[in-house]
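**Q** Just one file: data11.cif, with mmCIF, C-alpha atoms.
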```
data_coords
loop_
_atom_site.label_atom_id
_atom_site.label_comp_id
_atom_site.auth_asym_id
_atom_site.auth_seq_id
_atom_site.Cartn_x
_atom_site.Cartn_y
_atom_site.Cartn_z
CA MET O 1 -23.47 19.23 152.82
CA THR O 2 -25.25 21.17 155.55
CA TRP O 3 -27.94 22.25 153.10
CA ILE O 4 -28.44 18.66 151.91
CA TRP O 5 -28.85 17.23 155.42
CA SER O 6 -31.25 20.03 156.30
CA ASN O 7 -33.43 19.43 153.22
CA LEU O 8 -33.65 15.65 152.92
CA ASP O 9 -37.47 15.83 152.91
CA LEU O 10 -37.41 18.30 150.02
CA LEU O 11 -34.97 16.12 148.05
CA TRP O 12 -37.18 13.06 148.60
CA ASP O 13 -40.31 14.92 147.52
CA ARG O 14 -38.67 16.27 144.37
CA THR O 15 -37.34 12.80 143.51
CA LEU O 16 -40.85 11.34 143.81
CA ASP O 17 -42.25 14.22 141.74
CA HIS O 18 -39.63 13.53 139.08
CA LEU O 19 -40.46 9.84 139.08
CA VAL O 20 -44.17 10.55 138.64
CA LEU O 21 -43.41 12.81 135.67
CA SER O 22 -40.98 10.33 134.06
CA VAL O 23 -42.63 6.91 134.29
CA PRO O 24 -45.91 7.63 132.40
CA PRO O 25 -44.12 9.03 129.30
CA ILE O 26 -41.80 6.00 129.21
CA LEU O 27 -44.74 3.58 129.25
CA LEU O 28 -46.90 5.62 126.87
CA SER O 29 -44.09 6.11 124.36
CA PHE O 30 -43.59 2.35 124.19
CA LEU O 31 -47.31 1.69 123.74
CA PHE O 32 -47.61 4.27 120.95
CA ALA O 33 -44.33 3.34 119.26
CA VAL O 34 -45.10 -0.37 118.85
CA PRO O 35 -48.01 0.04 116.38
CA LEU O 36 -46.22 2.86 114.55
CA GLY O 37 -43.05 0.79 114.29
CA TRP O 38 -45.08 -2.17 113.08
CA LEU O 39 -46.59 -0.03 110.33
CA ALA O 40 -43.16 1.27 109.36
CA ASN O 41 -41.82 -2.27 109.14
CA ARG O 42 -44.87 -3.75 107.45
CA TYR O 43 -45.39 -1.25 104.64
CA ARG O 44 -42.50 0.28 102.72
CA LEU O 45 -44.50 3.34 101.69
CA SER O 46 -45.26 4.23 105.30
CA ARG O 47 -41.74 3.51 106.58
CA GLY O 48 -40.13 6.63 105.17
CA VAL O 49 -43.00 8.89 106.23
CA ILE O 50 -43.20 7.55 109.80
CA LEU O 51 -39.45 7.46 110.45
CA THR O 52 -38.91 10.91 108.96
CA ALA O 53 -41.78 12.37 110.97
CA SER O 54 -40.45 10.83 114.18
CA GLY O 55 -36.99 12.23 113.48
CA LEU O 56 -38.39 15.70 112.90
CA LEU O 57 -40.47 15.41 116.06
CA TYR O 58 -37.40 14.82 118.19
CA ALA O 59 -35.75 17.88 116.61
CA ILE O 60 -38.42 20.23 118.04
CA PRO O 61 -36.92 22.26 120.93
CA SER O 62 -38.53 21.44 124.25
CA LEU O 63 -39.33 24.96 125.45
CA PRO O 64 -41.38 26.00 122.37
CA LEU O 65 -43.17 22.65 122.57
CA PHE O 66 -44.16 23.38 126.16
CA PHE O 67 -45.94 26.51 124.95
CA VAL O 68 -47.55 24.89 121.89
CA ILE O 69 -49.08 21.94 123.76
CA PRO O 70 -51.36 24.05 126.03
CA ALA O 71 -52.72 25.85 122.98
CA VAL O 72 -53.52 22.53 121.28
CA VAL O 73 -54.69 20.48 124.26
CA GLY O 74 -56.32 23.28 126.23
CA THR O 75 -54.39 22.80 129.47
CA SER O 76 -52.96 25.59 131.58
CA LEU O 77 -49.41 26.68 130.80
CA ARG O 78 -48.05 25.36 134.10
CA SER O 79 -49.89 22.02 134.03
CA PRO O 80 -47.61 18.97 134.54
CA LEU O 81 -49.67 17.28 131.82
CA ASN O 82 -47.87 19.45 129.24
CA LEU O 83 -44.55 17.98 130.32
CA ILE O 84 -45.88 14.41 130.24
CA ILE O 85 -47.24 14.91 126.71
CA ALA O 86 -43.97 16.46 125.50
CA LEU O 87 -41.86 13.69 127.02
CA THR O 88 -44.16 11.08 125.49
CA LEU O 89 -43.71 12.64 122.05
CA TYR O 90 -39.94 12.62 122.42
CA GLY O 91 -40.04 9.01 123.63
CA VAL O 92 -42.16 7.95 120.66
CA ALA O 93 -39.74 9.70 118.32
CA LEU O 94 -36.88 7.63 119.73
CA MET O 95 -38.73 4.31 119.95
CA VAL O 96 -40.43 4.16 116.55
CA ARG O 97 -37.22 3.46 114.64
CA VAL O 98 -36.10 0.98 117.30
CA VAL O 99 -39.38 -0.96 116.98
CA ALA O 100 -39.21 -0.93 113.18
CA ASP O 101 -35.59 -2.12 113.15
CA GLY O 102 -36.26 -4.70 115.86
CA LEU O 103 -39.15 -6.26 113.95
CA ALA O 104 -37.15 -6.15 110.72
CA SER O 105 -34.34 -8.10 112.43
CA VAL O 106 -36.56 -11.16 112.85
CA ASP O 107 -35.43 -13.78 110.33
CA LYS O 108 -37.80 -14.38 107.42
CA ASP O 109 -37.37 -18.14 107.81
CA VAL O 110 -38.76 -17.85 111.33
CA ARG O 111 -41.87 -16.08 110.03
CA GLN O 112 -42.34 -18.66 107.30
CA SER O 113 -41.98 -21.47 109.84
CA ALA O 114 -44.63 -19.85 112.01
CA VAL O 115 -46.99 -19.62 109.04
CA ALA O 116 -46.29 -23.26 108.19
CA VAL O 117 -47.39 -24.44 111.64
CA GLY O 118 -50.62 -22.45 111.47
CA TYR O 119 -49.94 -19.05 113.06
CA SER O 120 -52.11 -16.21 111.77
CA GLY O 121 -50.88 -12.67 111.07
CA TRP O 122 -51.53 -11.28 114.55
CA SER O 123 -50.38 -14.48 116.24
CA ILE O 124 -47.06 -14.20 114.41
CA PHE O 125 -46.67 -10.63 115.64
CA TRP O 126 -47.55 -11.27 119.29
CA GLN O 127 -46.03 -14.71 119.73
CA VAL O 128 -43.07 -14.68 117.33
CA GLU O 129 -41.96 -11.26 116.07
CA LEU O 130 -42.47 -9.20 119.24
CA PRO O 131 -40.76 -11.69 121.61
CA MET O 132 -37.81 -12.15 119.22
CA ALA O 133 -37.44 -8.39 118.83
CA GLY O 134 -37.65 -8.04 122.62
CA PRO O 135 -33.91 -7.49 123.29
CA VAL O 136 -33.78 -4.71 120.68
CA LEU O 137 -36.93 -3.08 122.07
CA LEU O 138 -35.56 -3.30 125.61
CA ALA O 139 -32.33 -1.59 124.56
CA GLY O 140 -34.34 1.22 122.95
CA LEU O 141 -36.60 1.55 125.98
CA ARG O 142 -33.57 1.92 128.22
CA VAL O 143 -32.40 4.83 126.07
CA VAL O 144 -35.87 6.38 126.26
CA ALA O 145 -35.93 6.00 130.05
CA VAL O 146 -32.59 7.76 130.56
CA SER O 147 -33.49 10.46 128.04
CA THR O 148 -36.88 11.05 129.67
CA VAL O 149 -35.42 11.41 133.15
CA SER O 150 -32.95 13.94 131.79
CA LEU O 151 -35.49 15.95 129.79
CA ALA O 152 -37.96 16.02 132.68
CA THR O 153 -35.67 18.47 134.49
CA VAL O 154 -36.51 21.11 131.86
CA GLY O 155 -40.09 21.08 133.13
CA ALA O 156 -38.99 23.23 136.06
CA VAL O 157 -38.95 26.18 133.64
CA ILE O 158 -42.75 25.96 133.29
CA GLY O 159 -43.26 25.34 137.01
CA ALA O 160 -43.48 21.52 137.04
CA GLN O 161 -42.02 20.39 140.37
CA SER O 162 -39.18 17.95 139.77
CA LEU O 163 -35.48 17.55 140.37
CA GLY O 164 -35.08 20.34 137.83
CA SER O 165 -36.57 22.66 140.45
CA LEU O 166 -33.39 22.17 142.44
CA PHE O 167 -31.41 23.56 139.49
CA THR O 168 -33.52 26.67 139.02
CA ASP O 169 -33.84 27.36 142.74
CA GLY O 170 -30.16 26.69 143.32
CA PHE O 171 -29.13 29.09 140.54
CA GLN O 172 -31.51 31.81 141.74
CA ARG O 173 -30.38 31.57 145.37
CA GLY O 174 -26.75 30.74 144.69
CA ILE O 175 -26.85 27.43 146.57
CA GLN O 176 -24.30 25.18 144.89
CA ALA O 177 -25.15 22.17 147.07
CA GLU O 178 -28.74 22.26 145.85
CA ILE O 179 -27.62 22.18 142.21
CA ILE O 180 -25.20 19.31 142.83
CA ALA O 181 -27.90 17.38 144.71
CA GLY O 182 -30.23 17.79 141.74
CA ILE O 183 -27.60 16.50 139.32
CA VAL O 184 -26.68 13.49 141.47
CA LEU O 185 -30.30 12.53 142.10
CA THR O 186 -31.18 12.86 138.41
CA VAL O 187 -28.33 10.53 137.44
CA ALA O 188 -29.23 8.13 140.27
CA LEU O 189 -32.88 8.03 139.20
CA ALA O 190 -31.89 7.36 135.59
CA LEU O 191 -29.64 4.50 136.70
CA LEU O 192 -32.39 3.13 138.93
CA LEU O 193 -34.92 3.02 136.09
CA ASP O 194 -32.33 1.56 133.74
CA GLY O 195 -31.56 -1.18 136.26
CA ALA O 196 -35.27 -1.87 136.74
CA LEU O 197 -35.69 -2.31 132.98
CA VAL O 198 -32.72 -4.68 132.83
CA LEU O 199 -34.24 -6.76 135.63
CA LEU O 200 -37.63 -6.70 133.91
CA GLY O 201 -35.97 -7.85 130.70
CA ARG O 202 -34.40 -10.82 132.47
CA ILE O 203 -37.82 -11.80 133.81
CA LEU O 204 -39.80 -11.31 130.60
CA LEU O 205 -37.05 -12.41 128.16
CA PRO O 206 -35.39 -15.38 129.90
CA TRP O 207 -34.33 -16.90 126.56
CA THR O 208 -31.85 -14.07 126.06
CA LEU O 209 -29.96 -15.28 129.15
CA LEU O 210 -29.90 -18.82 127.77
CA ALA O 211 -28.62 -17.55 124.42
CA ALA O 212 -25.90 -15.52 126.16
CA ALA O 213 -24.91 -18.55 128.24
CA GLY O 214 -24.76 -20.65 125.07
CA ARG O 215 -22.49 -18.10 123.38
CA ARG O 216 -20.18 -18.02 126.41
CA ALA O 217 -20.00 -21.82 126.50
CA LEU O 218 -19.18 -21.87 122.79
CA ARG O 219 -16.36 -19.35 123.29
CA VAL O 220 -14.96 -21.39 126.17
CA ALA O 221 -15.09 -24.56 124.08
CA ARG O 222 -13.31 -22.89 121.17
CA ALA O 223 -10.66 -21.48 123.49
CA ALA O 224 -10.10 -24.96 124.93
CA GLU O 225 -9.71 -26.39 121.44
CA VAL O 226 -7.15 -23.75 120.55
CA SER O 227 -5.14 -24.29 123.73
CA ALA O 228 -5.25 -28.05 123.18
#
```
Go ahead and render the structure in this file as structure tokens.
**A**
Amino acid sequence: MTWIWSNLDLLWDRTLDHLVLSVPPILLSFLFAVPLGWLANRYRLSRGVILTASGLLYAIPSLPLFFVIPAVVGTSLRSPLNLIIALTLYGVALMVRVVADGLASVDKDVRQSAVAVGYSGWSIFWQVELPMAGPVLLAGLRVVAVSTVSLATVGAVIGAQSLGSLFTDGFQRGIQAEIIAGIVLTVALALLLDGALVLLGRILLPWTLLAAAGRRALRVARAAEVSA
């Protein structure tokens, strides 16, 4: 505990560094995954190719990927940009299937009703399919957020300052409190981002709360009928 109280500024700085490395990949992975997931859902021929490629992408070990990206992009080996690109790729690999399955879960009758009232192809996607698939996409994005925060710690191996730096430094210097602090802060940051996404979902998808309230009311009514 003495080490922790003596290094609160360091812990705060590393937490902010970790946040800066984690948030952009989460946002970028969602932005890239939506059109890819739409293609996978829209065209059967592309579905297998896109979903298989995304699955293989997530299977690539992180450390070799950190060395391949600089050779492709032209960045320095220790650039934080390498970590952001790698985390974005992993996030896309997770989100593509979620987007495809979320869009596929929208009832065909709903699409046909939208066409009947005059919605065009893109209007159906933006105003019907995407909002109705919102809860599924949010659940997938929460998984991506937690996974990204966890994977970002590996960036310490290539010199990217983050909470992972507390692991490597703690192991090298034999400071157990530093390692424990890194673990606790990583978990806390993951929970913080997950909670922020849940709150954002309640703001942007208020109809899901109404649906949940309706289901609860229905269960209560059925229970009352049974007891009566």
**Q** Please determine, counting all atoms listed in the file, which residue among O:Pro206, O:Pro131, O:Ala181, O:Leu197 has the shortest atom-to-atom distance to Asn7 (chain O).
**A**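 Under the stated criterion, the closest residue is O:Ala181.
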**Q** Could you expand the PyMOL selection byres ((chain O and resi 146-160) around 9) into the explicit residues it covers here, written as a VMD selection string?
**A** chain O and resid 17 to 19 21 to 23 25 to 26 62 to 63 66 to 67 77 to 80 82 to 84 87 to 88 90 to 91 141 to 145 161 to 168 186 to 187 189 to 191 193 to 194
**Q** For the atom pair CA of Val49 (chain O) and CA of Leu28 (chain O), what is the interatomic distance in Å to one decimal place?
**A**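 Rounded to one decimal, the two atoms are 21.3 Å apart.
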**Q** Quote the spacing between CA of Val115 (chain O) and CA of Ala133 (chain O) in Å to one decimal place.
**A**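 Computing the Euclidean distance for CA of Val115 (chain O) and CA of Ala133 (chain O) yields 17.7 Å.
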**Q** I'd like to know which of O:Ala177, O:Ile60, O:Val98, O:Val184 is closest to Thr2 (chain O), using all atoms listed in the file.
**A**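 Of the candidates, the smallest distance to Thr2 (chain O) is held by O:Ala177.
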